[in-house]
$ cat my_file-v7.pdb   # PDB, C-alpha atoms
MODEL        1
ATOM      1  CA  MET K1037    -132.584 -48.175  -9.660
ATOM      2  CA  THR K1038    -131.917 -47.881  -5.958
ATOM      3  CA  ILE K1039    -130.562 -44.725  -4.394
ATOM      4  CA  PRO K1040    -127.495 -45.196  -2.196
ATOM      5  CA  ASP K1041    -128.200 -44.675   1.480
ATOM      6  CA  PHE K1042    -126.195 -41.517   2.156
ATOM      7  CA  PRO K1043    -126.778 -39.351   5.218
ATOM      8  CA  MET K1044    -129.443 -36.660   5.042
ATOM      9  CA  GLN K1045    -128.665 -33.040   5.737
ATOM     10  CA  SER K1046    -130.952 -30.112   6.409
ATOM     11  CA  LYS K1047    -129.069 -26.913   5.592
ATOM     12  CA  PRO K1048    -130.011 -24.981   2.418
ATOM     13  CA  ALA K1049    -127.849 -24.906  -0.714
ATOM     14  CA  GLY K1050    -127.219 -21.164  -0.561
ATOM     15  CA  GLU K1051    -126.448 -19.334  -3.787
ATOM     16  CA  HIS K1052    -127.514 -21.273  -6.864
ATOM     17  CA  ILE K1053    -128.415 -20.959 -10.523
ATOM     18  CA  ILE K1054    -131.002 -22.832 -12.552
ATOM     19  CA  THR K1055    -129.526 -24.472 -15.648
ATOM     20  CA  GLU K1056    -131.175 -24.177 -19.038
ATOM     21  CA  HIS K1057    -132.230 -27.826 -18.878
ATOM     22  CA  ALA K1058    -133.779 -27.407 -15.411
ATOM     23  CA  ALA K1059    -135.642 -24.261 -16.538
ATOM     24  CA  PHE K1060    -136.999 -26.144 -19.563
ATOM     25  CA  GLU K1061    -138.159 -29.049 -17.388
ATOM     26  CA  MET K1062    -139.716 -26.701 -14.824
ATOM     27  CA  GLU K1063    -141.764 -25.014 -17.537
ATOM     28  CA  ARG K1064    -142.732 -28.325 -19.163
ATOM     29  CA  ARG K1065    -143.737 -29.814 -15.807
ATOM     30  CA  LYS K1066    -145.463 -26.629 -14.612
ATOM     31  CA  ILE K1067    -143.241 -26.196 -11.546
ATOM     32  CA  SER K1068    -142.660 -22.556 -10.625
ATOM     33  CA  ARG K1069    -139.324 -20.954  -9.759
ATOM     34  CA  GLU K1070    -140.919 -19.848  -6.502
ATOM     35  CA  LEU K1071    -141.674 -23.468  -5.559
ATOM     36  CA  VAL K1072    -138.137 -24.558  -6.489
ATOM     37  CA  ARG K1073    -136.654 -21.725  -4.412
ATOM     38  CA  SER K1074    -138.852 -22.745  -1.493
ATOM     39  CA  VAL K1075    -137.686 -26.377  -1.638
ATOM     40  CA  ILE K1076    -134.041 -25.312  -1.914
ATOM     41  CA  SER K1077    -134.221 -22.839   0.967
ATOM     42  CA  ASN K1078    -136.159 -25.135   3.286
ATOM     43  CA  PRO K1079    -135.994 -28.780   2.148
ATOM     44  CA  GLU K1080    -137.747 -31.419   4.204
ATOM     45  CA  GLN K1081    -134.994 -33.807   3.150
ATOM     46  CA  ARG K1082    -131.592 -33.413   1.571
ATOM     47  CA  ILE K1083    -130.046 -36.627   0.270
ATOM     48  CA  MET K1084    -126.628 -37.146  -1.301
ATOM     49  CA  ILE K1085    -127.041 -39.008  -4.596
ATOM     50  CA  ARG K1086    -123.330 -39.124  -5.332
ATOM     51  CA  LYS K1087    -120.335 -36.969  -4.511
ATOM     52  CA  GLY K1088    -121.182 -33.444  -5.613
ATOM     53  CA  ARG K1089    -124.893 -34.028  -6.312
ATOM     54  CA  GLU K1090    -127.761 -33.872  -3.861
ATOM     55  CA  VAL K1091    -131.516 -34.018  -4.119
ATOM     56  CA  PHE K1092    -133.549 -31.555  -2.076
ATOM     57  CA  GLN K1093    -137.114 -32.720  -1.634
ATOM     58  CA  SER K1094    -140.323 -31.628   0.038
ATOM     59  CA  ARG K1095    -143.888 -32.884   0.141
ATOM     60  CA  ILE K1096    -146.560 -30.497  -1.158
ATOM     61  CA  GLN K1097    -150.209 -30.362  -2.161
ATOM     62  CA  MET K1098    -150.640 -29.489  -5.841
ATOM     63  CA  GLU K1099    -153.944 -29.528  -7.687
ATOM     64  CA  GLY K1100    -155.467 -31.039  -4.530
ATOM     65  CA  LYS K1101    -153.120 -34.045  -4.570
ATOM     66  CA  PRO K1102    -149.982 -34.914  -2.560
ATOM     67  CA  TYR K1103    -146.705 -34.723  -4.486
ATOM     68  CA  LEU K1104    -143.023 -34.876  -3.769
ATOM     69  CA  ILE K1105    -140.979 -32.122  -5.426
ATOM     70  CA  ARG K1106    -137.424 -33.284  -6.110
ATOM     71  CA  VAL K1107    -134.719 -30.731  -6.993
ATOM     72  CA  PHE K1108    -131.369 -32.150  -8.132
ATOM     73  CA  ILE K1109    -128.446 -29.825  -7.419
ATOM     74  CA  ASP K1110    -124.761 -30.044  -8.231
ATOM     75  CA  ILE K1111    -123.345 -28.641  -5.009
ATOM     76  CA  ASP K1112    -119.688 -29.090  -5.940
ATOM     77  CA  ARG K1113    -119.529 -25.704  -7.708
ATOM     78  CA  VAL K1114    -120.097 -22.059  -6.865
ATOM     79  CA  PRO K1115    -122.772 -21.110  -7.400
ATOM     80  CA  ALA K1116    -124.510 -24.484  -7.044
ATOM     81  CA  GLU K1117    -126.439 -25.582 -10.166
ATOM     82  CA  VAL K1118    -130.000 -26.887 -10.264
ATOM     83  CA  VAL K1119    -129.757 -29.591 -12.941
ATOM     84  CA  THR K1120    -133.346 -30.874 -13.014
ATOM     85  CA  VAL K1121    -136.631 -30.738 -11.140
ATOM     86  CA  TYR K1122    -139.675 -32.972 -11.125
ATOM     87  CA  ARG K1123    -142.736 -33.860  -9.114
ATOM     88  CA  THR K1124    -143.969 -37.344  -8.361
ATOM     89  CA  HIS K1125    -146.907 -38.891  -6.576
ATOM     90  CA  LYS K1126    -144.679 -41.872  -5.613
ATOM     91  CA  ILE K1127    -143.732 -40.282  -2.308
ATOM     92  CA  GLU K1128    -143.099 -43.585  -0.513
ATOM     93  CA  LYS K1129    -140.581 -44.634  -3.178
ATOM     94  CA  TYR K1130    -138.273 -41.667  -2.562
ATOM     95  CA  TRP K1131    -139.027 -40.539   0.993
ATOM     96  CA  ARG K1132    -136.384 -41.512   3.539
ATOM     97  CA  GLN K1133    -137.440 -42.528   7.013
ATOM     98  CA  ILE K1134    -134.995 -41.213   9.570
ATOM     99  CA  PRO K1135    -133.868 -44.090  11.825
TER     100      PRO K1135
ENDMDL
END

$ encode --input "my_file-v7.pdb" --output "structure tokens"
Amino acid sequence: MTIPDFPMQSKPAGEHIITEHAAFEMERRKISRELVRSVISNPEQRIMIRKGREVFQSRIQMEGKPYLIRVFIDIDRVPAEVVTVYRTHKIEKYWRQIP
């Protein structure tokens, strides 16, 4: 699946809640709320996936290895809703080079 090439933004999401599903996945994937909050408040990249949904992502070191933390947020509601979170070592696949 390819991600549409929407413009990147850099401002934080502001007030948000973590859905039950996202909380479950965070626990299962051993990703802390603190890390998720950090990515949301200061994302390296913010990419629109579709109208109303964006992915906030940042590169981190975890367990001595480089990962990309991806936080999917429905921004079309107040407060915004974190719908899922995951980490991947496939940084090049998802990282956007700014032209």

$ residues_around --input "my_file-v7.pdb" --residues "stretch 1096-1106 of chain K" --least-positions-apart "3" --cutoff "12 Å" --atoms "only C-alpha atoms" --output "PyMOL selection string"
chain K and resi 1058+1062+1065-1068+1071-1076+1079-1083+1085+1090-1093+1109+1118-1132

$ closest_residue --input "my_file-v7.pdb" --among "K:Ile1054, K:Ile1134, K:Glu1061, K:Arg1113" --to "K:Lys1087" --atoms "all atoms listed in the file"
K:Arg1113

$ atom_distance --input "my_file-v7.pdb" --atom1 "atom CA of K:Arg1069" --atom2 "atom CA of K:Ile1053"
10.9 Å

$ atom_distance --input "my_file-v7.pdb" --atom1 "atom CA of K:Met1084" --atom2 "atom CA of K:Glu1070"
23.0 Å

$ atom_distance --input "my_file-v7.pdb" --atom1 "atom CA of K:His1052" --atom2 "atom CA of K:Asp1110"
9.3 Å

$ axis_aligned_box --input "my_file-v7.pdb" --around "stretch 1117-1129 of chain K" --padding-each-side "8 Å" --output "lines of an AutoDock Vina configuration file"
center_x = -136.7
center_y = -35.1
center_z = -6.8
size_x = 36.5
size_y = 35.1
size_z = 28.5

$ closest_residue --input "my_file-v7.pdb" --among "K:His1057, K:Val1107, K:Arg1064, K:Asp1112" --to "K:Asn1078" --atoms "all atoms listed in the file"
K:Val1107

$ decode --input "my_file-v7.pdb" --residues "stretch 1110-1124 of chain K" --atoms "N, CA and C atoms" --output "PDB file, in the first residue's frame"
ATOM      1  N   ASP K1110      -6.945  10.768  14.702  1.00  0.00           N
ATOM      2  CA  ASP K1110      -8.089  11.385  14.033  1.00  0.00           C
ATOM      3  C   ASP K1110      -8.176  12.813  14.554  1.00  0.00           C
ATOM      4  N   ILE K1111      -7.820  13.754  13.691  1.00  0.00           N
ATOM      5  CA  ILE K1111      -7.752  15.158  14.096  1.00  0.00           C
ATOM      6  C   ILE K1111      -9.037  15.925  13.801  1.00  0.00           C
ATOM      7  N   ASP K1112     -10.024  15.232  13.225  1.00  0.00           N
ATOM      8  CA  ASP K1112     -11.259  15.903  12.835  1.00  0.00           C
ATOM      9  C   ASP K1112     -12.291  15.918  13.958  1.00  0.00           C
ATOM     10  N   ARG K1113     -11.854  15.751  15.187  1.00  0.00           N
ATOM     11  CA  ARG K1113     -12.751  15.787  16.352  1.00  0.00           C
ATOM     12  C   ARG K1113     -12.048  16.477  17.511  1.00  0.00           C
ATOM     13  N   VAL K1114     -12.834  16.883  18.488  1.00  0.00           N
ATOM     14  CA  VAL K1114     -12.286  17.551  19.667  1.00  0.00           C
ATOM     15  C   VAL K1114     -12.782  16.800  20.886  1.00  0.00           C
ATOM     16  N   PRO K1115     -11.879  16.263  21.694  1.00  0.00           N
ATOM     17  CA  PRO K1115     -10.442  16.249  21.468  1.00  0.00           C
ATOM     18  C   PRO K1115     -10.071  15.250  20.368  1.00  0.00           C
ATOM     19  N   ALA K1116      -8.880  15.442  19.795  1.00  0.00           N
ATOM     20  CA  ALA K1116      -8.371  14.506  18.784  1.00  0.00           C
ATOM     21  C   ALA K1116      -8.233  13.120  19.421  1.00  0.00           C
ATOM     22  N   GLU K1117      -8.327  12.059  18.600  1.00  0.00           N
ATOM     23  CA  GLU K1117      -8.262  10.693  19.128  1.00  0.00           C
ATOM     24  C   GLU K1117      -7.080   9.933  18.538  1.00  0.00           C
ATOM     25  N   VAL K1118      -6.234   9.404  19.429  1.00  0.00           N
ATOM     26  CA  VAL K1118      -5.160   8.512  19.004  1.00  0.00           C
ATOM     27  C   VAL K1118      -5.823   7.168  18.728  1.00  0.00           C
ATOM     28  N   VAL K1119      -5.742   6.688  17.473  1.00  0.00           N
ATOM     29  CA  VAL K1119      -6.438   5.458  17.114  1.00  0.00           C
ATOM     30  C   VAL K1119      -5.535   4.233  17.137  1.00  0.00           C
ATOM     31  N   THR K1120      -4.247   4.398  16.868  1.00  0.00           N
ATOM     32  CA  THR K1120      -3.302   3.294  17.012  1.00  0.00           C
ATOM     33  C   THR K1120      -1.884   3.837  17.026  1.00  0.00           C
ATOM     34  N   VAL K1121      -0.983   3.008  17.499  1.00  0.00           N
ATOM     35  CA  VAL K1121       0.429   3.368  17.638  1.00  0.00           C
ATOM     36  C   VAL K1121       1.244   2.124  17.351  1.00  0.00           C
ATOM     37  N   TYR K1122       2.348   2.293  16.613  1.00  0.00           N
ATOM     38  CA  TYR K1122       3.273   1.173  16.477  1.00  0.00           C
ATOM     39  C   TYR K1122       4.675   1.671  16.230  1.00  0.00           C
ATOM     40  N   ARG K1123       5.626   0.770  16.377  1.00  0.00           N
ATOM     41  CA  ARG K1123       7.018   1.084  16.058  1.00  0.00           C
ATOM     42  C   ARG K1123       7.461   0.155  14.948  1.00  0.00           C
ATOM     43  N   THR K1124       8.378   0.658  14.125  1.00  0.00           N
ATOM     44  CA  THR K1124       8.888  -0.147  13.023  1.00  0.00           C
ATOM     45  C   THR K1124      10.356   0.160  12.822  1.00  0.00           C
TER      46      THR K1124
END
